[in-house]
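Raw contents of protein_11.pdb, PDB, C-alpha atoms and all ligand atoms:
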ATOM      1  CA  MET L1056      84.633  98.947 100.115
ATOM      2  CA  ALA L1057      82.099  99.504 102.882
ATOM      3  CA  LYS L1058      80.933  95.903 102.521
ATOM      4  CA  GLU L1059      84.485  94.508 102.533
ATOM      5  CA  THR L1060      85.627  96.575 105.517
ATOM      6  CA  GLY L1061      82.431  96.501 107.594
ATOM      7  CA  LEU L1062      82.459 100.300 107.753
ATOM      8  CA  ALA L1063      79.344 102.398 107.072
ATOM      9  CA  HIS L1064      79.140 104.283 103.760
ATOM     10  CA  VAL L1065      78.289 107.897 104.543
ATOM     11  CA  ALA L1066      77.744 109.914 101.349
ATOM     12  CA  SER L1067      77.042 113.631 101.545
ATOM     13  CA  GLY L1068      74.399 113.397  98.786
ATOM     14  CA  ASP L1069      72.487 110.732 100.747
ATOM     15  CA  ILE L1070      72.698 112.830 103.919
ATOM     16  CA  PHE L1071      71.216 115.857 102.154
ATOM     17  CA  ARG L1072      68.384 113.839 100.591
ATOM     18  CA  GLU L1073      67.567 112.011 103.807
ATOM     19  CA  ALA L1074      67.726 115.141 105.959
ATOM     20  CA  ALA L1075      65.410 117.005 103.602
ATOM     21  CA  ALA L1076      62.907 114.117 103.604
ATOM     22  CA  SER L1077      63.050 113.533 107.388
ATOM     23  CA  GLY L1078      61.449 116.865 108.289
ATOM     24  CA  SER L1079      63.856 117.354 111.212
ATOM     25  CA  GLU L1080      64.772 120.913 112.178
ATOM     26  CA  LEU L1081      68.262 120.529 110.723
ATOM     27  CA  GLY L1082      66.931 118.812 107.610
ATOM     28  CA  LEU L1083      64.409 121.579 106.943
ATOM     29  CA  LEU L1084      67.126 124.176 107.430
ATOM     30  CA  ALA L1085      69.317 122.423 104.830
ATOM     31  CA  LYS L1086      66.344 122.033 102.494
ATOM     32  CA  SER L1087      65.597 125.769 102.684
ATOM     33  CA  TYR L1088      69.016 126.467 101.139
ATOM     34  CA  MET L1089      68.749 123.703  98.528
ATOM     35  CA  ASP L1090      65.255 124.895  97.493
ATOM     36  CA  ARG L1091      66.703 128.336  96.809
ATOM     37  CA  GLY L1092      69.487 126.740  94.781
ATOM     38  CA  GLU L1093      72.094 127.834  97.325
ATOM     39  CA  LEU L1094      74.939 125.851  98.859
ATOM     40  CA  VAL L1095      74.176 124.502 102.314
ATOM     41  CA  PRO L1096      76.520 126.342 104.762
ATOM     42  CA  ASP L1097      79.434 124.312 106.148
ATOM     43  CA  ASP L1098      78.236 124.425 109.762
ATOM     44  CA  VAL L1099      74.828 122.974 108.784
ATOM     45  CA  THR L1100      76.462 120.257 106.650
ATOM     46  CA  ILE L1101      78.870 119.315 109.443
ATOM     47  CA  ARG L1102      76.057 119.084 111.995
ATOM     48  CA  MET L1103      74.266 116.675 109.641
ATOM     49  CA  VAL L1104      77.406 114.582 109.115
ATOM     50  CA  LEU L1105      78.019 114.395 112.884
ATOM     51  CA  GLU L1106      74.413 113.358 113.475
ATOM     52  CA  ARG L1107      74.727 110.650 110.824
ATOM     53  CA  ILE L1108      78.000 109.191 112.151
ATOM     54  CA  SER L1109      76.699 109.036 115.723
ATOM     55  CA  ARG L1110      74.165 106.340 114.719
ATOM     56  CA  PRO L1111      74.701 102.664 115.697
ATOM     57  CA  ASP L1112      75.620 101.472 112.169
ATOM     58  CA  CYS L1113      78.675 103.770 112.292
ATOM     59  CA  ALA L1114      80.083 102.304 115.521
ATOM     60  CA  LYS L1115      82.954 100.513 113.711
ATOM     61  CA  GLY L1116      83.801 103.588 111.657
ATOM     62  CA  VAL L1117      82.700 105.183 108.402
ATOM     63  CA  ILE L1118      83.810 105.815 104.834
ATOM     64  CA  LEU L1119      83.054 109.465 104.085
ATOM     65  CA  ASP L1120      82.146 109.999 100.430
ATOM     66  CA  GLY L1121      81.832 113.443  98.835
ATOM     67  CA  PHE L1122      82.759 115.353 101.989
ATOM     68  CA  PRO L1123      84.775 117.400 102.918
ATOM     69  CA  ARG L1124      85.237 119.261  99.625
ATOM     70  CA  THR L1125      87.205 122.285 100.862
ATOM     71  CA  VAL L1126      90.017 122.870 103.365
ATOM     72  CA  GLU L1127      87.625 125.046 105.410
ATOM     73  CA  GLN L1128      85.228 122.087 105.702
ATOM     74  CA  ALA L1129      88.098 119.728 106.585
ATOM     75  CA  VAL L1130      89.349 122.030 109.358
ATOM     76  CA  ALA L1131      85.847 122.388 110.798
ATOM     77  CA  LEU L1132      85.265 118.636 110.541
ATOM     78  CA  ASP L1133      88.555 117.862 112.332
ATOM     79  CA  ALA L1134      87.611 120.237 115.162
ATOM     80  CA  ALA L1135      84.120 118.761 115.510
ATOM     81  CA  LEU L1136      85.434 115.176 115.455
ATOM     82  CA  ALA L1137      88.102 115.995 118.046
ATOM     83  CA  GLU L1138      85.362 117.153 120.430
ATOM     84  CA  MET L1139      83.810 113.689 120.096
ATOM     85  CA  GLY L1140      87.182 112.008 120.654
ATOM     86  CA  LYS L1141      87.230 110.909 117.009
ATOM     87  CA  ALA L1142      89.456 111.706 114.014
ATOM     88  CA  ILE L1143      89.831 111.080 110.287
ATOM     89  CA  GLY L1144      92.020 107.967 109.961
ATOM     90  CA  LYS L1145      93.003 107.760 106.292
ATOM     91  CA  VAL L1146      92.199 109.633 103.097
ATOM     92  CA  LEU L1147      92.183 107.926  99.703
ATOM     93  CA  TYR L1148      93.438 110.039  96.807
ATOM     94  CA  ILE L1149      92.507 108.458  93.464
ATOM     95  CA  LYS L1150      94.996 110.190  91.201
ATOM     96  CA  VAL L1151      94.043 110.829  87.555
ATOM     97  CA  SER L1152      95.743 113.279  85.169
ATOM     98  CA  THR L1153      93.851 116.327  83.911
ATOM     99  CA  GLU L1154      93.895 115.032  80.305
ATOM    100  CA  GLU L1155      92.379 111.708  81.355
ATOM    101  CA  LEU L1156      89.768 113.449  83.541
ATOM    102  CA  LEU L1157      88.725 115.610  80.583
ATOM    103  CA  ARG L1158      88.491 112.526  78.354
ATOM    104  CA  ARG L1159      86.311 110.718  80.874
ATOM    105  CA  LEU L1160      84.127 113.699  81.733
ATOM    106  CA  SER L1161      83.516 114.782  78.149
ATOM    107  CA  GLY L1162      83.222 111.384  76.438
ATOM    108  CA  ARG L1163      79.569 110.712  77.219
ATOM    109  CA  TRP L1164      77.083 110.557  74.348
ATOM    110  CA  ILE L1165      73.407 109.545  74.515
ATOM    111  CA  CYS L1166      70.996 108.124  71.927
ATOM    112  CA  ARG L1167      68.341 110.677  71.028
ATOM    113  CA  GLN L1168      65.740 107.936  70.532
ATOM    114  CA  CYS L1169      66.289 105.230  73.184
ATOM    115  CA  GLN L1170      68.552 107.177  75.637
ATOM    116  CA  THR L1171      71.237 104.426  75.667
ATOM    117  CA  PRO L1172      74.460 106.001  77.018
ATOM    118  CA  TYR L1173      77.830 105.542  75.275
ATOM    119  CA  HIS L1174      81.344 106.649  76.105
ATOM    120  CA  MET L1175      83.858 107.474  73.399
ATOM    121  CA  VAL L1176      86.708 105.932  75.426
ATOM    122  CA  SER L1177      85.260 103.165  77.580
ATOM    123  CA  ALA L1178      82.063 102.140  75.722
ATOM    124  CA  PRO L1179      82.059 103.471  72.138
ATOM    125  CA  PRO L1180      79.283 102.647  69.640
ATOM    126  CA  GLN L1181      80.165 100.354  66.715
ATOM    127  CA  VAL L1182      79.470 103.139  64.220
ATOM    128  CA  VAL L1183      80.515 106.682  65.178
ATOM    129  CA  GLY L1184      77.489 108.819  66.063
ATOM    130  CA  LYS L1185      74.965 105.958  65.789
ATOM    131  CA  CYS L1186      73.173 103.898  68.452
ATOM    132  CA  ASP L1187      74.003 100.142  68.381
ATOM    133  CA  ARG L1188      70.507  99.273  69.614
ATOM    134  CA  CYS L1189      68.229 101.373  67.449
ATOM    135  CA  GLY L1190      70.420 103.238  64.942
ATOM    136  CA  GLY L1191      69.349 106.555  66.471
ATOM    137  CA  GLU L1192      71.520 109.668  66.426
ATOM    138  CA  LEU L1193      73.896 110.174  69.373
ATOM    139  CA  TYR L1194      74.180 113.605  70.995
ATOM    140  CA  GLN L1195      76.015 115.216  73.932
ATOM    141  CA  ARG L1196      74.128 116.802  76.801
ATOM    142  CA  ALA L1197      75.328 120.302  77.770
ATOM    143  CA  ASP L1198      76.493 118.725  81.060
ATOM    144  CA  ASP L1199      78.874 116.400  79.224
ATOM    145  CA  THR L1200      80.683 118.781  76.873
ATOM    146  CA  ILE L1201      84.384 119.574  77.140
ATOM    147  CA  GLU L1202      83.632 123.181  78.222
ATOM    148  CA  THR L1203      81.469 122.004  81.127
ATOM    149  CA  ALA L1204      84.112 119.430  82.065
ATOM    150  CA  ARG L1205      86.797 122.161  82.096
ATOM    151  CA  ASN L1206      84.631 124.393  84.303
ATOM    152  CA  ARG L1207      83.915 121.562  86.697
ATOM    153  CA  LEU L1208      87.618 120.687  86.927
ATOM    154  CA  GLY L1209      88.433 124.372  87.491
ATOM    155  CA  VAL L1210      86.162 124.397  90.544
ATOM    156  CA  TYR L1211      87.772 121.145  91.711
ATOM    157  CA  PHE L1212      91.338 122.481  91.400
ATOM    158  CA  ARG L1213      90.489 125.752  93.172
ATOM    159  CA  GLN L1214      88.365 124.375  96.003
ATOM    160  CA  THR L1215      88.989 120.658  96.503
ATOM    161  CA  ALA L1216      92.534 119.842  95.310
ATOM    162  CA  PRO L1217      94.134 121.794  98.236
ATOM    163  CA  LEU L1218      92.804 118.968 100.441
ATOM    164  CA  ILE L1219      95.526 116.709  98.986
ATOM    165  CA  GLY L1220      98.246 118.816 100.655
ATOM    166  CA  TYR L1221      96.173 119.260 103.800
ATOM    167  CA  TYR L1222      95.855 115.516 104.420
ATOM    168  CA  GLU L1223      99.394 114.785 103.188
ATOM    169  CA  ARG L1224     100.798 117.133 105.834
ATOM    170  CA  ALA L1225      98.654 115.327 108.405
ATOM    171  CA  GLY L1226     100.252 112.024 107.286
ATOM    172  CA  LYS L1227      96.856 110.589 106.330
ATOM    173  CA  LEU L1228      96.982 110.546 102.530
ATOM    174  CA  LEU L1229      96.993 107.231 100.637
ATOM    175  CA  GLU L1230      97.481 107.485  96.870
ATOM    176  CA  VAL L1231      96.000 105.106  94.308
ATOM    177  CA  ASN L1232      96.584 105.233  90.532
ATOM    178  CA  GLY L1233      93.141 105.958  89.085
ATOM    179  CA  GLU L1234      94.231 105.525  85.461
ATOM    180  CA  GLN L1235      93.589 101.784  85.448
ATOM    181  CA  ASP L1236      90.534  99.604  84.895
ATOM    182  CA  VAL L1237      87.782 100.307  87.395
ATOM    183  CA  GLU L1238      88.092  96.809  88.961
ATOM    184  CA  VAL L1239      91.856  97.236  89.445
ATOM    185  CA  VAL L1240      91.388 100.680  91.014
ATOM    186  CA  GLY L1241      88.762  99.237  93.369
ATOM    187  CA  ARG L1242      91.055  96.366  94.412
ATOM    188  CA  GLU L1243      94.016  98.690  94.980
ATOM    189  CA  MET L1244      91.910 101.110  97.040
ATOM    190  CA  LEU L1245      90.867  98.291  99.334
ATOM    191  CA  ALA L1246      94.372  96.777  99.546
ATOM    192  CA  THR L1247      95.953 100.186 100.258
ATOM    193  CA  LEU L1248      93.439 100.936 102.977
ATOM    194  CA  VAL L1249      93.775  97.540 104.661
ATOM    195  CA  ARG L1250      97.609  97.707 104.511
ATOM    196  CA  SER L1251      97.843 101.203 106.049
TER     197      SER L1251
HETATM  198 ZN    ZN L1301      69.137 104.100  70.490
END
Output the file's structure as structure tokens, nothing else.
Amino acid sequence: MAKETGLAHVASGDIFREAAASGSELGLLAKSYMDRGELVPDDVTIRMVLERISRPDCAKGVILDGFPRTVEQAVALDAALAEMGKAIGKVLYIKVSTEELLRRLSGRWICRQCQTPYHMVSAPPQVVGKCDRCGGELYQRADDTIETARNRLGVYFRQTAPLIGYYERAGKLLEVNGEQDVEVVGREMLATLVRS
């Protein structure tokens, strides 16, 4: 989407990694939290995002990816952007039902011998429980079990899902049906964004 629209792709994960590696004052501050396994505070994260989007490659605009994740972050981001005379333009909501999310999140299996990944829905092995490549046994990582998926979704519904209403009330929400093939979803995201 960034390539098609000419906007810069600004992903929160990349910002954290780059900031930590850069050795800047802000980066070291963020790293000190990450090294302790703590969440980086919102004000530190927002300062890093603002620094990133003030660079020349962001002059035409940016696609924010992975941020904001809470209404508190969104409110703080809106305030900080307003001070720069900027604002969030549109927000893409890729809508997928809870059942489908659980199926996708918990369907991953990996070969114990050659590490080839499979997915019970989108890329199943020819024989259940066996690797197509080497015949090895398939297993699920603790990260990919249904319990972990439920926990992760619980955090999402408590902390992140309220953003849907927040941006809807602001008249910025664009909805795309995420329960289609990945190529179709990608095309519709782009078309919806360009049309808006
Ligand atoms: Zn294998």
| Close residues to ligand ZN 1301 (chain L) using all atoms listed in the file, limit 10 Å, as number ranges by chain | L: 1165-1172, 1185-1193
Using the selection just defined, write its residues with C-alpha atoms as a tab-separated table (two decimals), in the frame of the given file.
chain	number	residue	atom	x	y	z
L	1165	ILE	CA	73.41	109.54	74.52
L	1166	CYS	CA	71.00	108.12	71.93
L	1167	ARG	CA	68.34	110.68	71.03
L	1168	GLN	CA	65.74	107.94	70.53
L	1169	CYS	CA	66.29	105.23	73.18
L	1170	GLN	CA	68.55	107.18	75.64
L	1171	THR	CA	71.24	104.43	75.67
L	1172	PRO	CA	74.46	106.00	77.02
L	1185	LYS	CA	74.96	105.96	65.79
L	1186	CYS	CA	73.17	103.90	68.45
L	1187	ASP	CA	74.00	100.14	68.38
L	1188	ARG	CA	70.51	99.27	69.61
L	1189	CYS	CA	68.23	101.37	67.45
L	1190	GLY	CA	70.42	103.24	64.94
L	1191	GLY	CA	69.35	106.56	66.47
L	1192	GLU	CA	71.52	109.67	66.43
L	1193	LEU	CA	73.90	110.17	69.37
| field | Test item: residues at most 12 Å from Ala1114 of chain L, only C-alpha atoms, excluding those fewer than 5 positions along its chain, as a ChimeraX atom specification | value | /L:1061-1064,1107-1109,1141
Output C-alpha atoms for every residue in that selection, as a PDB file, in the coordinates of the input.
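So the final result, stored in part_23.pdb, reads:
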ATOM      1  CA  GLY L1061      82.431  96.501 107.594  1.00  0.00           C
ATOM      2  CA  LEU L1062      82.459 100.300 107.753  1.00  0.00           C
ATOM      3  CA  ALA L1063      79.344 102.398 107.072  1.00  0.00           C
ATOM      4  CA  HIS L1064      79.140 104.283 103.760  1.00  0.00           C
ATOM      5  CA  ARG L1107      74.727 110.650 110.824  1.00  0.00           C
ATOM      6  CA  ILE L1108      78.000 109.191 112.151  1.00  0.00           C
ATOM      7  CA  SER L1109      76.699 109.036 115.723  1.00  0.00           C
ATOM      8  CA  LYS L1141      87.230 110.909 117.009  1.00  0.00           C
TER       9      LYS L1141
END
| What does the distance between atom CA of Gly1233 of chain L and atom CA of Val1183 of chain L come to in Å, to one decimal place? | 27.0 Å
At a cut-off of 9 Å from (85.9, 101.7, 103.8) in the coordinates of the file, what residues are picked up using all atoms listed in the file, written as an mmCIF file with C-alpha atoms, in the frame of the given file?
data_model
loop_
_atom_site.group_PDB
_atom_site.id
_atom_site.type_symbol
_atom_site.label_atom_id
_atom_site.label_comp_id
_atom_site.auth_asym_id
_atom_site.auth_seq_id
_atom_site.Cartn_x
_atom_site.Cartn_y
_atom_site.Cartn_z
ATOM 1 C CA MET L 1056 84.633 98.947 100.115
ATOM 2 C CA ALA L 1057 82.099 99.504 102.882
ATOM 3 C CA LYS L 1058 80.933 95.903 102.521
ATOM 4 C CA GLU L 1059 84.485 94.508 102.533
ATOM 5 C CA THR L 1060 85.627 96.575 105.517
ATOM 6 C CA GLY L 1061 82.431 96.501 107.594
ATOM 7 C CA LEU L 1062 82.459 100.300 107.753
ATOM 8 C CA ALA L 1063 79.344 102.398 107.072
ATOM 9 C CA HIS L 1064 79.140 104.283 103.760
ATOM 10 C CA GLY L 1116 83.801 103.588 111.657
ATOM 11 C CA VAL L 1117 82.700 105.183 108.402
ATOM 12 C CA ILE L 1118 83.810 105.815 104.834
ATOM 13 C CA LEU L 1119 83.054 109.465 104.085
ATOM 14 C CA LEU L 1245 90.867 98.291 99.334
ATOM 15 C CA LEU L 1248 93.439 100.936 102.977
ATOM 16 C CA VAL L 1249 93.775 97.540 104.661
#
Evaluate the PyMOL selection byres (((chain L and resi 1081-1089) around 12) and not hetatm) and report residues as a PDB file with C-alpha atoms, in the coordinates of the input:
ATOM      1  CA  GLY L1068      74.399 113.397  98.786  1.00  0.00           C
ATOM      2  CA  ASP L1069      72.487 110.732 100.747  1.00  0.00           C
ATOM      3  CA  ILE L1070      72.698 112.830 103.919  1.00  0.00           C
ATOM      4  CA  PHE L1071      71.216 115.857 102.154  1.00  0.00           C
ATOM      5  CA  ARG L1072      68.384 113.839 100.591  1.00  0.00           C
ATOM      6  CA  GLU L1073      67.567 112.011 103.807  1.00  0.00           C
ATOM      7  CA  ALA L1074      67.726 115.141 105.959  1.00  0.00           C
ATOM      8  CA  ALA L1075      65.410 117.005 103.602  1.00  0.00           C
ATOM      9  CA  ALA L1076      62.907 114.117 103.604  1.00  0.00           C
ATOM     10  CA  SER L1077      63.050 113.533 107.388  1.00  0.00           C
ATOM     11  CA  GLY L1078      61.449 116.865 108.289  1.00  0.00           C
ATOM     12  CA  SER L1079      63.856 117.354 111.212  1.00  0.00           C
ATOM     13  CA  GLU L1080      64.772 120.913 112.178  1.00  0.00           C
ATOM     14  CA  ASP L1090      65.255 124.895  97.493  1.00  0.00           C
ATOM     15  CA  ARG L1091      66.703 128.336  96.809  1.00  0.00           C
ATOM     16  CA  GLY L1092      69.487 126.740  94.781  1.00  0.00           C
ATOM     17  CA  GLU L1093      72.094 127.834  97.325  1.00  0.00           C
ATOM     18  CA  LEU L1094      74.939 125.851  98.859  1.00  0.00           C
ATOM     19  CA  VAL L1095      74.176 124.502 102.314  1.00  0.00           C
ATOM     20  CA  PRO L1096      76.520 126.342 104.762  1.00  0.00           C
ATOM     21  CA  ASP L1097      79.434 124.312 106.148  1.00  0.00           C
ATOM     22  CA  ASP L1098      78.236 124.425 109.762  1.00  0.00           C
ATOM     23  CA  VAL L1099      74.828 122.974 108.784  1.00  0.00           C
ATOM     24  CA  THR L1100      76.462 120.257 106.650  1.00  0.00           C
ATOM     25  CA  ILE L1101      78.870 119.315 109.443  1.00  0.00           C
ATOM     26  CA  ARG L1102      76.057 119.084 111.995  1.00  0.00           C
ATOM     27  CA  MET L1103      74.266 116.675 109.641  1.00  0.00           C
ATOM     28  CA  VAL L1104      77.406 114.582 109.115  1.00  0.00           C
ATOM     29  CA  LEU L1105      78.019 114.395 112.884  1.00  0.00           C
ATOM     30  CA  GLU L1106      74.413 113.358 113.475  1.00  0.00           C
ATOM     31  CA  ARG L1107      74.727 110.650 110.824  1.00  0.00           C
TER      32      ARG L1107
END
| task | Take the point (98.3, 114.1, 106.2) in the file's coordinates, draw a sphere of radius 12 Å around it, and report as an MDAnalysis selection string every protein, DNA or RNA residue with an atom inside or on it, counting only C-alpha atoms. | result | chainID L and resid 1129 1143:1148 1217:1230
For the residues in the current selection, export C-alpha atoms as a compact mmCIF listing (two decimals), in the coordinates of the input.
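Ended up saving to result_32.txt:
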# COMPACT_ATOMS: atom_id res chain seq x y z
CA ALA L 1129 88.10 119.73 106.58
CA ILE L 1143 89.83 111.08 110.29
CA GLY L 1144 92.02 107.97 109.96
CA LYS L 1145 93.00 107.76 106.29
CA VAL L 1146 92.20 109.63 103.10
CA LEU L 1147 92.18 107.93 99.70
CA TYR L 1148 93.44 110.04 96.81
CA PRO L 1217 94.13 121.79 98.24
CA LEU L 1218 92.80 118.97 100.44
CA ILE L 1219 95.53 116.71 98.99
CA GLY L 1220 98.25 118.82 100.66
CA TYR L 1221 96.17 119.26 103.80
CA TYR L 1222 95.86 115.52 104.42
CA GLU L 1223 99.39 114.78 103.19
CA ARG L 1224 100.80 117.13 105.83
CA ALA L 1225 98.65 115.33 108.40
CA GLY L 1226 100.25 112.02 107.29
CA LYS L 1227 96.86 110.59 106.33
CA LEU L 1228 96.98 110.55 102.53
CA LEU L 1229 96.99 107.23 100.64
CA GLU L 1230 97.48 107.48 96.87
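Pairwise distance (atom CA of Arg1110 of chain L, atom CA of Leu1136 of chain L) equals 14.3 Å.
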| task | Could you jot down the atom CA of Pro1180 of chain L to atom CA of Lys1150 of chain L separation for me, Å, one decimal place? | result | 27.7 Å
| message | Which residue is closest to Asp1112 of chain L? Choose from L:Met1175, L:Val1182, L:Val1065, L:Ala1131 and count all atoms listed in the file. | response | L:Val1065
| said: Residues within 12 Å of Glu1154 of chain L, please, as an MDAnalysis selection string. Count all atoms listed in the file; anything in the same chain fewer than 3 positions from it doesn't count. | reply: chainID L and resid 1150:1151 1157:1162 1201 1204:1205 1208 1234
Box centre and edge lengths (Å, one decimal), axis-aligned, segment 1065-1083 of chain L plus 5 Å each side, as JSON:
{"center_x": 69.9, "center_y": 114.7, "center_z": 105.5, "size_x": 26.8, "size_y": 23.7, "size_z": 23.4}
Please rebuild segment 1093-1102 of chain L with all heavy atoms and return the result as a PDB file, in the frame of the given file.
ATOM      1  N   GLU L1093      70.864 127.374  96.689  1.00  0.00           N
ATOM      2  CA  GLU L1093      72.094 127.834  97.325  1.00  0.00           C
ATOM      3  C   GLU L1093      72.838 126.673  97.959  1.00  0.00           C
ATOM      4  O   GLU L1093      72.255 125.637  98.263  1.00  0.00           O
ATOM      5  CB  GLU L1093      71.767 128.869  98.423  1.00  0.00           C
ATOM      6  CG  GLU L1093      71.227 130.171  97.864  1.00  0.00           C
ATOM      7  CD  GLU L1093      70.725 131.094  98.973  1.00  0.00           C
ATOM      8  OE1 GLU L1093      71.163 130.923 100.127  1.00  0.00           O
ATOM      9  OE2 GLU L1093      69.888 131.954  98.668  1.00  0.00           O
ATOM     10  N   LEU L1094      74.155 126.862  98.166  1.00  0.00           N
ATOM     11  CA  LEU L1094      74.939 125.851  98.859  1.00  0.00           C
ATOM     12  C   LEU L1094      74.555 125.831 100.329  1.00  0.00           C
ATOM     13  O   LEU L1094      74.359 126.889 100.939  1.00  0.00           O
ATOM     14  CB  LEU L1094      76.434 126.161  98.734  1.00  0.00           C
ATOM     15  CG  LEU L1094      77.082 125.836  97.391  1.00  0.00           C
ATOM     16  CD1 LEU L1094      78.535 126.299  97.405  1.00  0.00           C
ATOM     17  CD2 LEU L1094      77.002 124.348  97.096  1.00  0.00           C
ATOM     18  N   VAL L1095      74.446 124.626 100.880  1.00  0.00           N
ATOM     19  CA  VAL L1095      74.176 124.502 102.314  1.00  0.00           C
ATOM     20  C   VAL L1095      75.442 124.948 103.060  1.00  0.00           C
ATOM     21  O   VAL L1095      76.536 124.482 102.734  1.00  0.00           O
ATOM     22  CB  VAL L1095      73.812 123.045 102.662  1.00  0.00           C
ATOM     23  CG1 VAL L1095      73.545 122.904 104.153  1.00  0.00           C
ATOM     24  CG2 VAL L1095      72.604 122.593 101.850  1.00  0.00           C
ATOM     25  N   PRO L1096      75.322 125.861 104.044  1.00  0.00           N
ATOM     26  CA  PRO L1096      76.520 126.342 104.762  1.00  0.00           C
ATOM     27  C   PRO L1096      77.272 125.197 105.455  1.00  0.00           C
ATOM     28  O   PRO L1096      76.654 124.222 105.885  1.00  0.00           O
ATOM     29  CB  PRO L1096      75.961 127.309 105.805  1.00  0.00           C
ATOM     30  CG  PRO L1096      74.601 127.661 105.334  1.00  0.00           C
ATOM     31  CD  PRO L1096      74.095 126.492 104.530  1.00  0.00           C
ATOM     32  N   ASP L1097      78.590 125.362 105.574  1.00  0.00           N
ATOM     33  CA  ASP L1097      79.434 124.312 106.148  1.00  0.00           C
ATOM     34  C   ASP L1097      78.977 123.864 107.536  1.00  0.00           C
ATOM     35  O   ASP L1097      78.966 122.665 107.828  1.00  0.00           O
ATOM     36  CB  ASP L1097      80.888 124.799 106.249  1.00  0.00           C
ATOM     37  CG  ASP L1097      81.553 124.873 104.882  1.00  0.00           C
ATOM     38  OD1 ASP L1097      80.938 124.417 103.895  1.00  0.00           O
ATOM     39  OD2 ASP L1097      82.683 125.387 104.806  1.00  0.00           O
ATOM     40  N   ASP L1098      78.583 124.828 108.391  1.00  0.00           N
ATOM     41  CA  ASP L1098      78.236 124.425 109.762  1.00  0.00           C
ATOM     42  C   ASP L1098      76.984 123.542 109.783  1.00  0.00           C
ATOM     43  O   ASP L1098      76.889 122.605 110.582  1.00  0.00           O
ATOM     44  CB  ASP L1098      78.070 125.645 110.686  1.00  0.00           C
ATOM     45  CG  ASP L1098      76.925 126.537 110.245  1.00  0.00           C
ATOM     46  OD1 ASP L1098      76.899 126.921 109.061  1.00  0.00           O
ATOM     47  OD2 ASP L1098      76.050 126.835 111.080  1.00  0.00           O
ATOM     48  N   VAL L1099      76.043 123.804 108.874  1.00  0.00           N
ATOM     49  CA  VAL L1099      74.828 122.974 108.784  1.00  0.00           C
ATOM     50  C   VAL L1099      75.212 121.582 108.264  1.00  0.00           C
ATOM     51  O   VAL L1099      74.776 120.555 108.809  1.00  0.00           O
ATOM     52  CB  VAL L1099      73.777 123.633 107.857  1.00  0.00           C
ATOM     53  CG1 VAL L1099      72.565 122.717 107.675  1.00  0.00           C
ATOM     54  CG2 VAL L1099      73.353 124.984 108.419  1.00  0.00           C
ATOM     55  N   THR L1100      76.038 121.537 107.221  1.00  0.00           N
ATOM     56  CA  THR L1100      76.462 120.257 106.650  1.00  0.00           C
ATOM     57  C   THR L1100      77.187 119.415 107.703  1.00  0.00           C
ATOM     58  O   THR L1100      76.920 118.226 107.863  1.00  0.00           O
ATOM     59  CB  THR L1100      77.401 120.491 105.443  1.00  0.00           C
ATOM     60  OG1 THR L1100      76.729 121.314 104.502  1.00  0.00           O
ATOM     61  CG2 THR L1100      77.788 119.171 104.791  1.00  0.00           C
ATOM     62  N   ILE L1101      78.090 120.050 108.444  1.00  0.00           N
ATOM     63  CA  ILE L1101      78.870 119.315 109.443  1.00  0.00           C
ATOM     64  C   ILE L1101      77.975 118.786 110.557  1.00  0.00           C
ATOM     65  O   ILE L1101      78.150 117.655 111.015  1.00  0.00           O
ATOM     66  CB  ILE L1101      80.019 120.194 109.982  1.00  0.00           C
ATOM     67  CG1 ILE L1101      81.093 120.289 108.897  1.00  0.00           C
ATOM     68  CG2 ILE L1101      80.612 119.623 111.267  1.00  0.00           C
ATOM     69  CD1 ILE L1101      82.116 121.353 109.107  1.00  0.00           C
ATOM     70  N   ARG L1102      76.991 119.578 110.963  1.00  0.00           N
ATOM     71  CA  ARG L1102      76.057 119.084 111.995  1.00  0.00           C
ATOM     72  C   ARG L1102      75.317 117.848 111.493  1.00  0.00           C
ATOM     73  O   ARG L1102      75.090 116.894 112.241  1.00  0.00           O
ATOM     74  CB  ARG L1102      75.065 120.179 112.390  1.00  0.00           C
ATOM     75  CG  ARG L1102      75.660 121.152 113.418  1.00  0.00           C
ATOM     76  CD  ARG L1102      74.855 122.422 113.514  1.00  0.00           C
ATOM     77  NE  ARG L1102      73.520 122.209 114.070  1.00  0.00           N
ATOM     78  CZ  ARG L1102      72.517 123.095 113.935  1.00  0.00           C
ATOM     79  NH1 ARG L1102      72.698 124.212 113.271  1.00  0.00           N
ATOM     80  NH2 ARG L1102      71.346 122.834 114.471  1.00  0.00           N
TER      81      ARG L1102
END
